[in-house]
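Only one structure is covered here, and it is reproduced in the block below.
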Amino acid sequence: MAILHSLSPLHHRYKNCNGILDFRSKTSNPRKYTVRCDYDEDFCKERYENKRFRMLIAGGGIGGLVLALAAKHKGFDVKVFEKDLSAVRGEGKHRGPIQLLSSALAVLQAIDKQVAEQIMEAGCVTGDRINGLADGVSGEWFTQFDLSTPALQRALPVTRVICRMALQDILLNAVGLDIVSNKSKVVDFIEDSSKVTVILEDGRRYNGDVLVGADGIWSKVRSKLFGQEDAKYSDYTCYSGLVNFVPPYIDTVGYRVFLGLNQYFVASDVGNGKMQWYAFHKQPHRNTDPPTGSKKKHLLELFRVWCEEVTALISETPEEMILQRDIYDRDMIYTWGIGRVTLIGDAAHPMQPNLGQGGCMAIEDCYQLVLELDKFSKSGLDVQQSEISSALRRYEKKRIFRVSTVHAASRMASKVLTSYQPYIYFRSGPLSGLSTTRITKPSLQVARILLQIFLPQFMTWMIAGYG
């Protein structure tokens with residue numbers, strides 16, 4: 001509190017960290033005034049010493065680390081807050097490898113070529129083989145798509161999958177443990193005209209120029225921005241398994257989605273003699289899971305009439321390697337931030353995993369965000385709040401169309417994949433005698449033709465650019 005004596009009523013101006021109080025005389029009547037000056041001495045001193053734009057990132061997952069790496073290379077002063085790095089690494093056990101489409105790999109190359117090379121070396125190329133959709137019962141291909149040609153034509157890396165834990169370690173080593181603060185959960189933030197302050201669970205506070213919420217589908221930053229809102233259950237649960245198994249088709253098939261009614265099954269080569277699979281099954285929300293030790297039995301019952309490619313993978317997987325989690329997403333929002341705060345990845349636009357694009361969209365977000373903020377990286381104390389806010393809103397605007405399209409496609413794909421019923425059955429009525437006869441639905445051929453026309457275009461659009 002400052003006690004100021006003046007010869008007149010005064011008008012004062014406080015300019016950010018410069019600490020300038022400007023008094024202008026209007027009359028000569030002597031009076032005494034008490035003025036509260038909100039002057040953050042520590043923050044201003046630090047800003048003068050560093051003269052670097054400071055970015056605070058809530059969340060040390062894939063998106064948070066890629067953003068930190070990109071910002072670090074642009075000269076930003078970066079700080080990442082993660083509640084539990086061991087849990088982030090262990091997330092790979094529950095969610096399996098992450099698919100990196102050509103567009104995301106190209107973004108990683110633009111951010112850090114050496115790190116991108118490490119990631120590509122650690123990954124398993126799937127885009128150079130056959131990929132597509134198949135009938136779950138017969139195993140016959142329904143449609144195939146080419147992930148290689150569109151990438152090679154544009155001199156882009158070919159699609160790969162990589163273990164989440166391996167990707168996490170590569171990124172963490174590149175960013176540096178001096179930048180990533182473990183056991184640091186962001187629970188709140190405060191913004192004023194000169195800075196944004198994050199508040200950690202243990203009471204610590206840190207100041208910065210911008211705050212980016214990269215804290216996933218259950219984002220605390222998002223809830224503080226827009227209020228608490230429940231995530232939406234997709235009506236599906238997912239069982240996943242990682243198995244030491246080399247199928248006979250390993251040299252020709254990258255990954256395959258087996259279709260069925262109210263369930264589907266995804267199988268992918270992940271390298272090193274391992275296969276990763278996901279079994280999606282429609283069931284009520286918060287349905288009781290199978291008793292411990294019986295997940296495999298439950299799955300073999302669910303997929304008992306499916307092709308050997310599916311049942312063999314389940315049978316070969318040890319019980320303890322079969323995990324289960326319910327699938328959630330959120331409705332798309334078209335503003336991801338306010339003022340000095342914005343969101344990336346699942347914090348902004350969580351989507352269902354059936355297209356394998358959640359991680360790719362987060363990586364693309366990072367690139368676009370840093371592009372918009374790059375001009376501030378060396379401008380020191382001259383950056384105005386309005387300029388920062390405008391840059392963040394531009395980032396959001398430029399990402400909305402691509403992200404919302406993929407989000408909508410993910411939801412639509414979930415409905416399409418699980419409504420697959422290729423045959424007409426006559427269980428009653430005058431044609432009940434044909435109950436054992438398999439008659440292909442005419443609409444199936446129409447669907448196949450439409451997919452063959454539009455799916456390659458969509459995949460090329462996905463591969464070709466970051467939006």
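As shown in the structure tokens, the chain order sets the letters A, B, ...; within each chain, residues go from 1, and ligands are also counted from 1 in the order they appear.
Backbone DSSP of range 121-177 of chain A yields strand (DSSP E) at Cys124, Val125, Ile130, Asn131, Gly132, Leu133, Ala134, Asp135, Trp141, Phe142, Thr143, Gln144, Phe145, Arg160, Val161 and Ile162 of chain A.
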Inset, instruction - Within 12 Å of Cys238 in chain A, counting only C-alpha atoms, which residues show up once you throw out same-chain ones fewer than 3 positions away? Write them as number ranges by chain, please. - result: A: 94-96, 233-235, 241, 263-266, 277-283, 289, 295, 299, 322-328, 352-354
Inset, instruction - Write out as a ChimeraX atom specification all residues of range 276-342 of chain A that DSSP puts in helix (DSSP H, G or I) for this structure's backbone. - result: /A:295-302,308-316,319-321
Restrict the selected residues to C-alpha atoms and save them as a CSV table (one decimal), in the first residue's frame.
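Result went into out17.csv, see below:
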chain,number,residue,atom,x,y,z
A,295,LYS,CA,-12.1,-60.8,-20.0
A,296,LYS,CA,-10.7,-63.2,-22.6
A,297,LYS,CA,-13.6,-65.6,-22.0
A,298,HIS,CA,-16.1,-62.8,-22.4
A,299,LEU,CA,-14.5,-61.6,-25.7
A,300,LEU,CA,-14.3,-65.0,-27.2
A,301,GLU,CA,-18.0,-65.3,-26.5
A,302,LEU,CA,-18.7,-62.0,-28.1
A,308,GLU,CA,-9.9,-66.7,-37.3
A,309,GLU,CA,-7.8,-63.5,-37.8
A,310,VAL,CA,-9.9,-62.0,-34.9
A,311,THR,CA,-10.3,-65.0,-32.6
A,312,ALA,CA,-6.6,-66.0,-32.9
A,313,LEU,CA,-5.4,-62.6,-31.6
A,314,ILE,CA,-7.8,-62.8,-28.6
A,315,SER,CA,-6.8,-66.4,-27.9
A,316,GLU,CA,-3.1,-65.7,-28.0
A,319,GLU,CA,-5.5,-62.4,-19.6
A,320,GLU,CA,-3.4,-59.9,-17.8
A,321,MET,CA,-2.6,-58.1,-21.1
Inset, instruction - Excluding range 99-101 of chain A and any residue of its chain fewer than 3 positions from it, enumerate the residues within 10 Å of it, using only C-alpha atoms, and give them as a ChimeraX atom specification. - result: /A:96,104-106,108,119-120,123-127,147,151,156-164,270,355-361,363,459,462-464
Inset, instruction - Pick out the closest residue to Ile344 in chain A from this set: A:Ile449, A:Leu392, A:Ala214, A:Ile130. Count only C-alpha atoms. - result: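 Result for the nearest residue to Ile344 in chain A: A:Ala214.
Excluding His349 in chain A itself and same-chain residues fewer than 6 positions from it, the residues having an atom within 10 Å of it are Gly216, Ile217, Asp329, Arg330, Asp331, Met332, Ile333, Tyr334, Trp336, Leu343, Gly358, Met361, Ala362, Ile400, Val403, Ser404, Val406 and His407 of chain A, counting only C-alpha atoms.
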Export of prior selection with N, CA, C and O atoms as a PDB file, in the first residue's frame:
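Written file, selection-v5.pdb:
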ATOM      1  N   GLY A 216      -5.950 -32.793 -21.481  1.00  0.00           N
ATOM      2  CA  GLY A 216      -6.789 -33.922 -21.859  1.00  0.00           C
ATOM      3  C   GLY A 216      -8.281 -33.711 -21.738  1.00  0.00           C
ATOM      4  O   GLY A 216      -8.773 -32.620 -21.451  1.00  0.00           O
ATOM      5  N   ILE A 217      -9.015 -34.792 -21.942  1.00  0.00           N
ATOM      6  CA  ILE A 217     -10.479 -34.742 -22.003  1.00  0.00           C
ATOM      7  C   ILE A 217     -11.099 -34.253 -20.697  1.00  0.00           C
ATOM      8  O   ILE A 217     -12.164 -33.653 -20.683  1.00  0.00           O
ATOM      9  N   ASP A 329     -16.244 -38.811 -25.592  1.00  0.00           N
ATOM     10  CA  ASP A 329     -15.793 -37.624 -26.306  1.00  0.00           C
ATOM     11  C   ASP A 329     -16.600 -36.445 -25.794  1.00  0.00           C
ATOM     12  O   ASP A 329     -17.313 -36.554 -24.796  1.00  0.00           O
ATOM     13  N   ARG A 330     -16.492 -35.309 -26.436  1.00  0.00           N
ATOM     14  CA  ARG A 330     -17.292 -34.134 -26.093  1.00  0.00           C
ATOM     15  C   ARG A 330     -17.813 -33.499 -27.375  1.00  0.00           C
ATOM     16  O   ARG A 330     -17.226 -33.678 -28.449  1.00  0.00           O
ATOM     17  N   ASP A 331     -18.908 -32.755 -27.246  1.00  0.00           N
ATOM     18  CA  ASP A 331     -19.402 -32.008 -28.393  1.00  0.00           C
ATOM     19  C   ASP A 331     -18.355 -30.982 -28.810  1.00  0.00           C
ATOM     20  O   ASP A 331     -17.623 -30.433 -27.973  1.00  0.00           O
ATOM     21  N   MET A 332     -18.303 -30.717 -30.091  1.00  0.00           N
ATOM     22  CA  MET A 332     -17.358 -29.740 -30.614  1.00  0.00           C
ATOM     23  C   MET A 332     -17.733 -28.333 -30.144  1.00  0.00           C
ATOM     24  O   MET A 332     -18.910 -27.941 -30.186  1.00  0.00           O
ATOM     25  N   ILE A 333     -16.745 -27.580 -29.668  1.00  0.00           N
ATOM     26  CA  ILE A 333     -16.942 -26.165 -29.368  1.00  0.00           C
ATOM     27  C   ILE A 333     -16.103 -25.356 -30.343  1.00  0.00           C
ATOM     28  O   ILE A 333     -15.094 -25.832 -30.856  1.00  0.00           O
ATOM     29  N   TYR A 334     -16.517 -24.128 -30.601  1.00  0.00           N
ATOM     30  CA  TYR A 334     -15.880 -23.370 -31.668  1.00  0.00           C
ATOM     31  C   TYR A 334     -15.112 -22.147 -31.161  1.00  0.00           C
ATOM     32  O   TYR A 334     -14.668 -21.309 -31.947  1.00  0.00           O
ATOM     33  N   TRP A 336     -11.982 -21.906 -28.206  1.00  0.00           N
ATOM     34  CA  TRP A 336     -11.194 -22.745 -27.302  1.00  0.00           C
ATOM     35  C   TRP A 336     -10.527 -21.956 -26.186  1.00  0.00           C
ATOM     36  O   TRP A 336      -9.798 -22.550 -25.379  1.00  0.00           O
ATOM     37  N   LEU A 343      -6.676 -23.735 -25.574  1.00  0.00           N
ATOM     38  CA  LEU A 343      -6.609 -25.187 -25.389  1.00  0.00           C
ATOM     39  C   LEU A 343      -6.050 -25.840 -26.640  1.00  0.00           C
ATOM     40  O   LEU A 343      -6.154 -25.296 -27.742  1.00  0.00           O
ATOM     41  N   GLY A 358      -6.717 -38.521 -32.849  1.00  0.00           N
ATOM     42  CA  GLY A 358      -6.641 -37.610 -31.709  1.00  0.00           C
ATOM     43  C   GLY A 358      -5.251 -37.045 -31.496  1.00  0.00           C
ATOM     44  O   GLY A 358      -5.066 -35.828 -31.343  1.00  0.00           O
ATOM     45  N   MET A 361      -4.171 -34.664 -34.437  1.00  0.00           N
ATOM     46  CA  MET A 361      -4.779 -33.335 -34.361  1.00  0.00           C
ATOM     47  C   MET A 361      -4.102 -32.479 -33.299  1.00  0.00           C
ATOM     48  O   MET A 361      -3.916 -31.270 -33.479  1.00  0.00           O
ATOM     49  N   ALA A 362      -3.714 -33.079 -32.187  1.00  0.00           N
ATOM     50  CA  ALA A 362      -3.020 -32.333 -31.130  1.00  0.00           C
ATOM     51  C   ALA A 362      -1.669 -31.823 -31.627  1.00  0.00           C
ATOM     52  O   ALA A 362      -1.283 -30.673 -31.366  1.00  0.00           O
ATOM     53  N   ILE A 400     -10.214 -24.758 -36.613  1.00  0.00           N
ATOM     54  CA  ILE A 400     -11.578 -25.218 -36.381  1.00  0.00           C
ATOM     55  C   ILE A 400     -12.100 -26.115 -37.498  1.00  0.00           C
ATOM     56  O   ILE A 400     -12.657 -27.190 -37.247  1.00  0.00           O
ATOM     57  N   VAL A 403     -10.296 -29.662 -37.660  1.00  0.00           N
ATOM     58  CA  VAL A 403     -10.560 -30.443 -36.455  1.00  0.00           C
ATOM     59  C   VAL A 403     -12.031 -30.841 -36.368  1.00  0.00           C
ATOM     60  O   VAL A 403     -12.360 -31.985 -36.043  1.00  0.00           O
ATOM     61  N   SER A 404     -12.933 -29.919 -36.649  1.00  0.00           N
ATOM     62  CA  SER A 404     -14.358 -30.231 -36.563  1.00  0.00           C
ATOM     63  C   SER A 404     -14.767 -31.260 -37.600  1.00  0.00           C
ATOM     64  O   SER A 404     -15.649 -32.102 -37.352  1.00  0.00           O
ATOM     65  N   VAL A 406     -12.788 -33.732 -38.745  1.00  0.00           N
ATOM     66  CA  VAL A 406     -12.303 -35.019 -38.243  1.00  0.00           C
ATOM     67  C   VAL A 406     -13.139 -35.484 -37.057  1.00  0.00           C
ATOM     68  O   VAL A 406     -13.454 -36.674 -36.924  1.00  0.00           O
ATOM     69  N   HIS A 407     -13.532 -34.553 -36.192  1.00  0.00           N
ATOM     70  CA  HIS A 407     -14.381 -34.887 -35.041  1.00  0.00           C
ATOM     71  C   HIS A 407     -15.706 -35.473 -35.506  1.00  0.00           C
ATOM     72  O   HIS A 407     -16.162 -36.512 -35.005  1.00  0.00           O
TER      73      HIS A 407
END
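Near range 166-170 of chain A, within a cut-off of 9 Å and counting only C-alpha atoms, sit the residues Gly60, Gly61, Ile62, Leu65, Val88, Arg89, Gly92, Ile98, Val115, Gln118, Ile119, Ala122, Gly123, Ile162, Cys163, Arg164, Leu172, Asn173, Ala174 and Val175 of chain A, with same-chain residues fewer than 2 positions away left out.
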Legend entry - Selection near Leu371 in chain A, 12 Å with only C-alpha atoms, sequence-local residues under 2 positions removed, as a ChimeraX atom specification: /A:67,70-71,73-74,107,110-111,364-369,373-377,391-392,394-396,398
Inset, instruction - Give me the residues within 12 Å of Ala447 in chain A as a list of chain:residue names, counting only C-alpha atoms and dropping any in the same chain fewer than 4 places off. - result: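 The neighbour list is A:Phe142, A:Thr143, A:Val416, A:Leu417, A:Ser419, A:Tyr420, A:Gln421, A:Pro422, A:Lys441, A:Pro442, A:Ser443, A:Leu451, A:Gln452, A:Ile453, A:Phe454, A:Leu455.
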Dump N, CA and C atoms for the selected residues as a tab-separated table (two decimals), in the first residue's frame?
chain	number	residue	atom	x	y	z
A	142	PHE	N	-13.67	-55.52	-47.36
A	142	PHE	CA	-14.83	-54.74	-47.79
A	142	PHE	C	-14.37	-53.57	-48.65
A	143	THR	N	-13.34	-52.87	-48.19
A	143	THR	CA	-12.70	-51.83	-48.99
A	143	THR	C	-11.29	-51.59	-48.44
A	416	VAL	N	-21.25	-45.94	-38.37
A	416	VAL	CA	-21.18	-46.74	-39.60
A	416	VAL	C	-20.54	-48.10	-39.35
A	417	LEU	N	-19.43	-48.10	-38.60
A	417	LEU	CA	-18.70	-49.34	-38.37
A	417	LEU	C	-19.52	-50.36	-37.62
A	419	SER	N	-22.93	-50.52	-37.53
A	419	SER	CA	-24.24	-50.80	-38.11
A	419	SER	C	-24.11	-51.76	-39.30
A	420	TYR	N	-22.92	-52.31	-39.44
A	420	TYR	CA	-22.64	-53.21	-40.56
A	420	TYR	C	-23.42	-54.51	-40.41
A	421	GLN	N	-24.31	-54.77	-41.35
A	421	GLN	CA	-25.11	-56.00	-41.37
A	421	GLN	C	-25.32	-56.36	-42.83
A	422	PRO	N	-24.43	-57.17	-43.40
A	422	PRO	CA	-24.39	-57.34	-44.85
A	422	PRO	C	-25.49	-58.20	-45.45
A	441	LYS	N	-27.43	-57.68	-48.87
A	441	LYS	CA	-28.24	-56.47	-49.00
A	441	LYS	C	-27.77	-55.65	-50.20
A	442	PRO	N	-28.69	-55.18	-51.03
A	442	PRO	CA	-28.30	-54.34	-52.17
A	442	PRO	C	-27.57	-53.08	-51.72
A	443	SER	N	-27.94	-52.56	-50.55
A	443	SER	CA	-27.32	-51.32	-50.06
A	443	SER	C	-25.84	-51.51	-49.76
A	451	LEU	N	-17.76	-45.66	-50.64
A	451	LEU	CA	-16.50	-45.66	-49.91
A	451	LEU	C	-15.30	-45.64	-50.85
A	452	GLN	N	-15.39	-46.40	-51.93
A	452	GLN	CA	-14.29	-46.45	-52.89
A	452	GLN	C	-14.10	-45.12	-53.60
A	453	ILE	N	-15.17	-44.33	-53.68
A	453	ILE	CA	-15.06	-43.02	-54.32
A	453	ILE	C	-14.56	-41.97	-53.35
A	454	PHE	N	-15.17	-41.90	-52.17
A	454	PHE	CA	-14.92	-40.78	-51.26
A	454	PHE	C	-13.83	-41.05	-50.22
A	455	LEU	N	-13.64	-42.30	-49.81
A	455	LEU	CA	-12.65	-42.57	-48.78
A	455	LEU	C	-11.22	-42.20	-49.21
Inset, instruction - Would you mind reading off the distance between CA of Leu261 in chain A and CA of Cys307 in chain A, one decimal, in Å? - result: 14.4 Å
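With distances restricted to only C-alpha atoms, A:Arg204 is the closest residue to Val186 in chain A from A:Lys232, A:Arg402, A:Lys415, A:Arg204.
Here CA of Asp209 in chain A is placed at a distance of 19.6 Å from CA of Ala347 in chain A.
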